[in-house]
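Text of entry.cif (mmCIF, C-alpha atoms) as supplied:
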data_entry
#
loop_
_atom_site.label_atom_id
_atom_site.label_comp_id
_atom_site.auth_asym_id
_atom_site.auth_seq_id
_atom_site.Cartn_x
_atom_site.Cartn_y
_atom_site.Cartn_z
CA MET A 1 0.39 -18.49 14.76
CA ARG A 2 -0.65 -19.77 11.37
CA LYS A 3 -4.27 -20.93 11.25
CA PRO A 4 -5.47 -23.89 9.21
CA TRP A 5 -5.93 -22.97 5.56
CA VAL A 6 -9.74 -23.25 5.47
CA VAL A 7 -10.21 -21.25 8.65
CA GLY A 8 -7.75 -18.68 7.36
CA VAL A 9 -9.60 -18.17 4.09
CA LEU A 10 -12.91 -17.73 5.92
CA LEU A 11 -11.31 -15.24 8.28
CA ALA A 12 -9.80 -13.39 5.34
CA ALA A 13 -13.18 -13.05 3.67
CA VAL A 14 -14.71 -11.57 6.81
CA LEU A 15 -11.84 -9.17 7.37
CA LEU A 16 -11.66 -7.98 3.80
CA GLY A 17 -15.39 -7.44 3.73
CA ALA A 18 -15.16 -5.26 6.82
CA CYS A 19 -12.34 -3.21 5.32
CA GLY A 20 -13.87 -2.67 1.93
CA ASP A 21 -12.48 -5.72 0.11
CA PRO A 22 -15.91 -7.39 0.09
CA ALA A 23 -16.55 -11.03 -0.60
CA SER A 24 -20.18 -10.13 -1.31
CA GLY A 25 -19.30 -8.49 -4.61
CA PRO A 26 -18.03 -5.30 -6.20
CA GLN A 27 -21.34 -3.47 -5.83
CA ASP A 28 -20.64 -3.26 -2.10
CA ALA A 29 -16.94 -2.52 -2.39
CA VAL A 30 -16.88 1.26 -2.68
CA PRO A 31 -19.63 3.07 -0.76
CA ALA A 32 -20.88 6.31 -2.29
CA ASP A 33 -19.23 8.40 0.41
CA VAL A 34 -15.70 7.16 -0.25
CA PRO A 35 -13.75 10.34 -1.13
CA GLN A 36 -12.67 10.93 -4.71
CA ALA A 37 -9.07 11.89 -5.40
CA SER A 38 -8.07 15.10 -3.71
CA ALA A 39 -5.01 16.58 -2.11
CA THR A 40 -4.74 15.50 1.51
CA THR A 41 -4.92 18.39 3.98
CA GLN A 42 -1.65 19.57 5.52
CA GLN A 43 -1.34 18.28 9.07
CA ARG A 44 0.82 19.21 12.04
CA ALA A 45 2.38 16.16 13.61
CA PRO A 46 5.07 15.15 16.11
CA ALA A 47 8.64 14.80 14.94
CA SER A 48 9.23 11.55 13.08
CA PRO A 49 12.33 9.49 12.22
CA SER A 50 12.37 10.99 8.73
CA ALA A 51 12.10 14.61 9.83
CA ALA A 52 15.37 15.40 11.60
CA GLY A 53 17.97 16.99 9.36
CA THR A 54 16.32 15.92 6.11
CA ALA A 55 14.24 18.88 4.97
CA PRO A 56 15.17 19.96 1.44
CA SER A 57 16.70 23.39 0.91
CA ALA A 58 14.45 26.28 0.03
CA ALA A 59 15.84 26.26 -3.53
CA ALA A 60 15.13 22.56 -4.08
CA LYS A 61 12.05 21.65 -6.06
CA ALA A 62 9.61 19.71 -3.89
CA PRO A 63 8.29 16.50 -5.47
CA ASN A 64 4.74 16.02 -6.67
CA VAL A 65 3.51 12.59 -5.50
CA LEU A 66 0.39 10.60 -6.43
CA TYR A 67 -0.52 7.63 -4.21
CA LEU A 68 -2.85 4.90 -5.53
CA GLY A 69 -3.80 1.46 -4.26
CA ASP A 70 -6.16 -0.78 -2.33
CA SER A 71 -7.27 -0.93 1.31
CA LEU A 72 -3.68 -0.85 2.56
CA ALA A 73 -3.22 2.47 0.77
CA MET A 74 -6.64 3.61 1.95
CA GLU A 75 -5.69 3.19 5.60
CA ALA A 76 -2.17 4.61 5.16
CA GLN A 77 -2.88 7.59 2.89
CA GLU A 78 -2.93 10.34 5.53
CA VAL A 79 0.27 9.17 7.22
CA VAL A 80 2.05 8.81 3.87
CA GLY A 81 1.00 12.34 2.96
CA ARG A 82 2.09 13.70 6.34
CA GLU A 83 5.57 12.20 6.05
CA LEU A 84 6.06 13.33 2.45
CA ARG A 85 5.00 16.87 3.25
CA ARG A 86 7.05 17.13 6.40
CA ASP A 87 10.21 15.55 5.03
CA LEU A 88 10.11 16.80 1.42
CA ARG A 89 7.42 19.52 1.37
CA ALA A 90 5.80 17.38 -1.31
CA THR A 91 2.66 18.18 -3.21
CA TYR A 92 0.56 15.11 -2.49
CA THR A 93 -2.61 13.54 -3.87
CA SER A 94 -4.08 10.20 -2.85
CA ALA A 95 -6.84 8.23 -4.56
CA PRO A 96 -6.93 4.69 -3.12
CA TYR A 97 -9.95 2.39 -3.42
CA SER A 98 -10.40 -0.66 -1.23
CA GLY A 99 -10.68 -4.05 -2.90
CA THR A 100 -8.79 -3.00 -6.00
CA THR A 101 -5.95 -4.44 -8.01
CA PRO A 102 -3.89 -2.89 -10.87
CA CYS A 103 -6.57 -3.60 -13.48
CA ASP A 104 -9.01 -1.31 -11.64
CA TYR A 105 -6.81 1.70 -12.42
CA LEU A 106 -6.61 0.88 -16.14
CA GLU A 107 -8.44 3.15 -18.54
CA GLY A 108 -10.96 1.29 -20.65
CA THR A 109 -12.30 -0.97 -17.91
CA GLY A 110 -15.54 1.01 -17.48
CA LYS A 111 -18.12 -0.52 -15.16
CA ARG A 112 -15.94 -3.58 -14.68
CA SER A 113 -13.76 -1.56 -12.35
CA LEU A 114 -14.04 -0.34 -8.75
CA VAL A 115 -12.30 2.93 -9.69
CA PRO A 116 -14.30 5.70 -11.41
CA VAL A 117 -13.13 7.06 -14.75
CA ALA A 118 -11.89 10.35 -13.30
CA ASP A 119 -9.56 8.52 -10.89
CA LYS A 120 -7.94 6.12 -13.33
CA ALA A 121 -4.17 6.28 -13.02
CA ALA A 122 -3.52 7.79 -16.45
CA ALA A 123 -6.31 10.34 -16.02
CA LEU A 124 -4.84 11.55 -12.73
CA VAL A 125 -1.32 11.60 -14.15
CA ARG A 126 -2.44 13.76 -17.08
CA LYS A 127 -4.20 16.11 -14.68
CA LEU A 128 -1.62 16.32 -11.87
CA ARG A 129 1.68 15.74 -13.72
CA PRO A 130 3.29 14.00 -10.70
CA ASP A 131 6.99 13.27 -10.39
CA PHE A 132 6.21 9.97 -8.63
CA VAL A 133 3.24 7.59 -8.79
CA VAL A 134 3.25 5.27 -5.76
CA LEU A 135 1.35 2.00 -6.32
CA GLN A 136 0.49 -0.21 -3.35
CA PHE A 137 -1.51 -3.39 -3.95
CA TRP A 138 -1.61 -6.40 -1.67
CA GLY A 139 -2.55 -8.43 -4.75
CA ASN A 140 -6.30 -9.04 -4.78
CA ALA A 141 -6.40 -12.83 -4.93
CA TRP A 142 -10.08 -13.72 -4.46
CA GLY A 143 -11.80 -12.07 -7.40
CA TYR A 144 -13.51 -9.16 -5.61
CA THR A 145 -13.11 -6.85 -8.56
CA PRO A 146 -14.86 -7.68 -11.86
CA CYS A 147 -11.89 -6.51 -13.93
CA MET A 148 -10.05 -9.71 -12.91
CA ASP A 149 -12.67 -11.70 -14.84
CA GLY A 150 -13.09 -14.19 -12.03
CA ILE A 151 -9.42 -15.26 -12.07
CA THR A 152 -8.36 -16.16 -8.54
CA HIS A 153 -5.15 -17.41 -7.00
CA ASP A 154 -6.91 -20.31 -5.30
CA ALA A 155 -8.51 -21.67 -8.47
CA SER A 156 -5.64 -21.06 -10.87
CA PRO A 157 -2.36 -19.64 -9.57
CA GLN A 158 -0.73 -19.67 -13.00
CA LYS A 159 -3.56 -17.68 -14.63
CA TYR A 160 -3.64 -15.34 -11.66
CA PHE A 161 0.06 -14.43 -11.90
CA GLN A 162 -0.04 -14.18 -15.70
CA ARG A 163 -3.02 -11.83 -15.58
CA TYR A 164 -1.57 -9.80 -12.72
CA GLU A 165 1.71 -9.30 -14.59
CA ALA A 166 -0.08 -8.35 -17.81
CA ASP A 167 -2.21 -5.77 -15.99
CA MET A 168 0.87 -4.28 -14.34
CA LYS A 169 2.53 -3.82 -17.73
CA ARG A 170 -0.59 -2.20 -19.18
CA LEU A 171 -0.82 0.13 -16.20
CA VAL A 172 2.82 1.20 -16.61
CA ASP A 173 2.26 1.80 -20.32
CA GLN A 174 -0.79 3.96 -19.66
CA ILE A 175 0.93 6.00 -16.93
CA THR A 176 4.08 6.62 -18.96
CA ALA A 177 2.04 7.58 -22.03
CA ALA A 178 0.11 10.10 -19.95
CA ALA A 179 3.15 12.01 -18.64
CA GLU A 180 6.72 11.55 -17.47
CA ALA A 181 6.64 10.14 -13.94
CA ARG A 182 8.56 7.53 -11.96
CA ILE A 183 6.51 4.67 -10.60
CA VAL A 184 7.20 3.35 -7.10
CA TRP A 185 6.02 -0.22 -6.51
CA VAL A 186 5.47 -0.90 -2.81
CA LEU A 187 6.45 -4.43 -1.79
CA GLN A 188 4.04 -6.10 0.60
CA GLY A 189 4.56 -7.74 3.97
CA PRO A 190 4.03 -11.42 4.77
CA ASP A 191 0.71 -13.18 4.30
CA PRO A 192 0.06 -16.06 6.73
CA ILE A 193 -2.42 -17.81 4.41
CA THR A 194 -0.48 -17.87 1.13
CA PRO A 195 3.07 -16.65 1.86
CA ASP A 196 4.42 -17.74 -1.51
CA ARG A 197 1.75 -15.70 -3.33
CA VAL A 198 3.01 -12.46 -1.78
CA ARG A 199 6.59 -13.48 -2.51
CA ARG A 200 5.73 -13.96 -6.18
CA VAL A 201 3.66 -10.77 -6.39
CA ASN A 202 6.58 -8.83 -4.94
CA ALA A 203 8.88 -10.48 -7.48
CA LEU A 204 6.57 -9.24 -10.24
CA TYR A 205 6.80 -5.71 -8.86
CA GLU A 206 10.60 -5.93 -8.82
CA LYS A 207 10.67 -7.36 -12.34
CA GLN A 208 8.42 -4.63 -13.69
CA ALA A 209 10.39 -1.89 -11.94
CA ALA A 210 13.63 -3.21 -13.45
CA ALA A 211 12.08 -3.42 -16.92
CA SER A 212 10.65 0.11 -16.87
CA GLY A 213 13.42 1.82 -14.91
CA ASP A 214 11.17 2.53 -11.97
CA LEU A 215 11.53 2.13 -8.22
CA VAL A 216 10.74 -0.32 -5.44
CA ALA A 217 9.91 0.59 -1.85
CA ASP A 218 10.33 -2.53 0.27
CA ALA A 219 7.89 -1.52 3.00
CA GLY A 220 7.20 -5.18 3.64
CA ARG A 221 10.71 -5.73 5.00
CA SER A 222 10.03 -3.30 7.86
CA LEU A 223 6.95 -5.40 8.66
CA SER A 224 8.89 -8.67 8.85
CA ALA A 225 11.17 -10.24 11.41
CA ALA A 226 14.91 -10.05 10.76
CA GLY A 227 15.97 -12.95 8.59
CA ALA A 228 12.37 -14.07 7.98
CA ARG A 229 11.06 -11.78 5.23
CA TYR A 230 7.98 -13.88 4.42
CA SER A 231 7.09 -15.25 7.85
CA TRP A 232 4.06 -13.42 9.22
CA VAL A 233 4.28 -11.87 12.68
CA GLN A 234 1.81 -9.87 14.71
CA TYR A 235 4.48 -8.15 16.82
CA LEU A 236 8.00 -6.89 16.20
CA PRO A 237 10.64 -5.31 18.43
CA CYS A 238 10.14 -1.58 18.83
CA THR A 239 12.39 0.68 16.80
CA ALA A 240 14.36 3.46 18.50
CA TYR A 241 11.72 5.99 17.44
CA GLU A 242 8.91 3.77 18.72
CA ARG A 243 10.63 3.43 22.09
CA GLU A 244 10.86 7.21 22.34
CA HIS A 245 7.19 7.65 21.44
CA ALA A 246 5.04 5.43 23.64
CA GLU A 247 2.05 5.60 21.30
CA TYR A 248 4.07 3.67 18.72
CA CYS A 249 5.53 1.04 21.09
CA THR A 250 2.34 -0.72 22.12
CA GLN A 251 3.97 -3.10 24.63
CA PRO A 252 6.97 -1.17 26.03
CA GLY A 253 7.41 -3.61 28.91
CA ARG A 254 8.14 -6.36 26.38
CA ASP A 255 9.91 -4.01 23.94
CA ARG A 256 7.58 -4.97 21.15
CA THR A 257 4.89 -3.26 19.12
CA ALA A 258 1.75 -4.51 17.40
CA LEU A 259 1.54 -4.50 13.62
CA HIS A 260 -1.91 -6.07 13.44
CA ARG A 261 -5.02 -6.34 15.58
CA ASP A 262 -5.89 -9.77 16.94
CA ASP A 263 -8.84 -9.94 14.53
CA ASP A 264 -7.11 -8.73 11.34
CA TYR A 265 -3.94 -10.34 10.03
CA LEU A 266 -3.86 -8.28 6.82
CA HIS A 267 -4.34 -4.60 7.65
CA PHE A 268 -2.09 -2.43 9.81
CA CYS A 269 -4.60 -0.02 11.31
CA LEU A 270 -4.99 -0.72 15.02
CA ALA A 271 -8.54 0.64 15.07
CA PRO A 272 -11.44 -1.76 14.39
CA THR A 273 -12.30 -2.22 10.74
CA THR A 274 -15.47 -0.62 9.41
CA SER A 275 -17.79 -1.27 6.48
CA THR A 276 -16.93 2.15 5.06
CA PRO A 277 -13.29 2.37 3.90
CA LYS A 278 -11.44 5.32 5.40
CA PRO A 279 -7.96 6.41 6.52
CA CYS A 280 -6.77 4.87 9.78
CA PRO A 281 -7.93 7.11 12.67
CA VAL A 282 -5.32 5.99 15.25
CA ARG A 283 -1.54 5.89 15.44
CA SER A 284 -0.42 2.53 14.07
CA PRO A 285 3.23 1.42 13.96
CA GLY A 286 2.85 -0.68 10.81
CA ILE A 287 1.39 2.21 8.85
CA LEU A 288 4.16 4.56 9.98
CA ARG A 289 6.78 2.03 8.91
CA ILE A 290 5.20 1.81 5.45
CA ALA A 291 5.06 5.60 5.14
CA LEU A 292 8.68 6.02 6.16
CA GLU A 293 9.91 3.53 3.56
CA ILE A 294 7.92 5.19 0.77
CA THR A 295 9.21 8.61 1.84
CA LYS A 296 12.80 7.35 1.99
CA VAL A 297 12.72 5.98 -1.56
CA ILE A 298 11.26 9.19 -2.96
CA ARG A 299 13.74 11.30 -1.01
CA GLU A 300 16.69 9.29 -2.32
CA ASN A 301 15.49 9.46 -5.92
CA HIS A 302 14.12 12.96 -6.22
CA GLN A 303 16.56 14.93 -8.37
CA GLY A 304 15.23 18.31 -7.31
CA GLY A 305 15.66 17.71 -3.61
CA ALA A 306 17.99 14.78 -3.06
CA HIS A 307 19.79 14.79 0.26
CA SER A 308 21.02 12.40 2.93
CA PRO A 309 18.46 9.72 3.90
CA ALA A 310 17.16 9.52 7.47
#

Would you kindly transcribe this structure into structure tokens?
Amino acid sequence: MRKPWVVGVLLAAVLLGACGDPASGPQDAVPADVPQASATTQQRAPASPSAAGTAPSAAAKAPNVLYLGDSLAMEAQEVVGRELRRDLRATYTSAPYSGTTPCDYLEGTGKRSLVPVADKAAALVRKLRPDFVVLQFWGNAWGYTPCMDGITHDASPQKYFQRYEADMKRLVDQITAAAEARIVWVLQGPDPITPDRVRRVNALYEKQAAASGDLVADAGRSLSAAGARYSWVQYLPCTAYEREHAEYCTQPGRDRTALHRDDDYLHFCLAPTTSTPKPCPVRSPGILRIALEITKVIRENHQGGAHSPA
């Protein structure tokens, strides 16, 4: 399925532009009507794999969770909030911005960032005092955000990884200085254009989590074929839950479900991309898989409400 490199890069630019990771420049990245950080509204939803027999006791303290990230977090934020509320009765706030990378959430970046001052990670942590800060970044590799100073993976992989790692460390320092909270780094799924880049970005997340005593949610593994963690696939076999819920098993006759649309290899929302970033409006198996992994890690590591994982 892998396309030639040049064609792939052109396709990526088009797709990211449509989803709010614009190649045209940061001035177009975050439209004025993109919501600021606010608690996602409680939703009623069908039973999920994480719901049965996992609700914390009434005496257990529910976790307070803050979810930050790029367009992958933008599209997944409502489903992540739904699962955390339903499984853990969590207090939940999301403030993702499409096209971003860790440096955008650093305080002190000013106009060189796609994230406004009020929604910087440390500012939100001081305000909300979360137990967990979930960070999900695909790893902006094409210089869409000015805070990367034009450093791109294509032009200089070494500089890109060095800068990315340095920004991660600064972000952790700012968050931990703001309040006591555990950071959850979300590992990404395969990238068909530069598979080794995602592998190395994920390794940086794991390294940083180990150094700072924080957590890793390997959502990307649930988006990969068994035994082929970094080989991109559009379809995977349906899980037991997906088989029981037809809306999540998109091709039941072939016992497989779609992770991506035919025209978007990166995102997991099965609705067409739009120029205005927004949460995914349709049920999408890939997004649910991401949300379930994040919820599982928080459930297993929340001292106030720890109980058996789903």

Q: For Val233 (chain A), work out the shell of residues within 8 Å, counting all atoms listed in the file and skipping chain neighbours fewer than 3 positions away, then give it as a list in words.
A: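 Contacts, in chain order: Met1, Pro190, Ser224, Ala225, Leu236 and Leu259 of chain A.
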
Q: Identify all residues satisfying the PyMOL selection byres ((chain A and resi 181) around 9) in the given file; provide them as a list in words.
A: Val125, Arg129, Pro130, Asp131, Phe132, Val133, Ile175, Thr176, Ala178, Ala179, Glu180, Arg182 and Ile183 of chain A

Write out, as a PDB file, keeping the file's coordinate frame, the residues just selected, with C-alpha atoms.
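Listed below is the output, result-v4.pdb:
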ATOM      1  CA  VAL A 125      -1.320  11.600 -14.150  1.00  0.00           C
ATOM      2  CA  ARG A 129       1.680  15.740 -13.720  1.00  0.00           C
ATOM      3  CA  PRO A 130       3.290  14.000 -10.700  1.00  0.00           C
ATOM      4  CA  ASP A 131       6.990  13.270 -10.390  1.00  0.00           C
ATOM      5  CA  PHE A 132       6.210   9.970  -8.630  1.00  0.00           C
ATOM      6  CA  VAL A 133       3.240   7.590  -8.790  1.00  0.00           C
ATOM      7  CA  ILE A 175       0.930   6.000 -16.930  1.00  0.00           C
ATOM      8  CA  THR A 176       4.080   6.620 -18.960  1.00  0.00           C
ATOM      9  CA  ALA A 178       0.110  10.100 -19.950  1.00  0.00           C
ATOM     10  CA  ALA A 179       3.150  12.010 -18.640  1.00  0.00           C
ATOM     11  CA  GLU A 180       6.720  11.550 -17.470  1.00  0.00           C
ATOM     12  CA  ARG A 182       8.560   7.530 -11.960  1.00  0.00           C
ATOM     13  CA  ILE A 183       6.510   4.670 -10.600  1.00  0.00           C
TER      14      ILE A 183
END

Q: For CA of Pro157 (chain A) and CA of Ser231 (chain A), quote the distance in Å rounded to one decimal.
A: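 So the answer is 20.3 Å.
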
How would you write, as a compact mmCIF listing (two decimals) with C-alpha atoms, in the coordinates of the input, the residues chosen by the PyMOL selection byres ((chain A and resi 214-218) around 8) on this structure?
# COMPACT_ATOMS: atom_id res chain seq x y z
CA ARG A 182 8.56 7.53 -11.96
CA ILE A 183 6.51 4.67 -10.60
CA VAL A 184 7.20 3.35 -7.10
CA TRP A 185 6.02 -0.22 -6.51
CA VAL A 186 5.47 -0.90 -2.81
CA LEU A 187 6.45 -4.43 -1.79
CA GLN A 188 4.04 -6.10 0.60
CA TYR A 205 6.80 -5.71 -8.86
CA GLU A 206 10.60 -5.93 -8.82
CA GLN A 208 8.42 -4.63 -13.69
CA ALA A 209 10.39 -1.89 -11.94
CA ALA A 210 13.63 -3.21 -13.45
CA ALA A 211 12.08 -3.42 -16.92
CA SER A 212 10.65 0.11 -16.87
CA GLY A 213 13.42 1.82 -14.91
CA ALA A 219 7.89 -1.52 3.00
CA GLY A 220 7.20 -5.18 3.64
CA ARG A 221 10.71 -5.73 5.00
CA SER A 222 10.03 -3.30 7.86
CA GLU A 293 9.91 3.53 3.56
CA ILE A 294 7.92 5.19 0.77
CA VAL A 297 12.72 5.98 -1.56

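Distance-wise, CA of Tyr248 (chain A) and CA of Ala76 (chain A) end up 15.0 Å apart.
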
Q) So what do you get for CA of Leu223 (chain A) versus CA of Gly189 (chain A), distance-wise? A) 5.8 Å

Q: Identify which of the residues A:Ala177, A:Leu124, A:Val115, A:Cys249 lies closest to Thr93 (chain A), counting only C-alpha atoms when measuring atom-to-atom distances.
A: A:Leu124
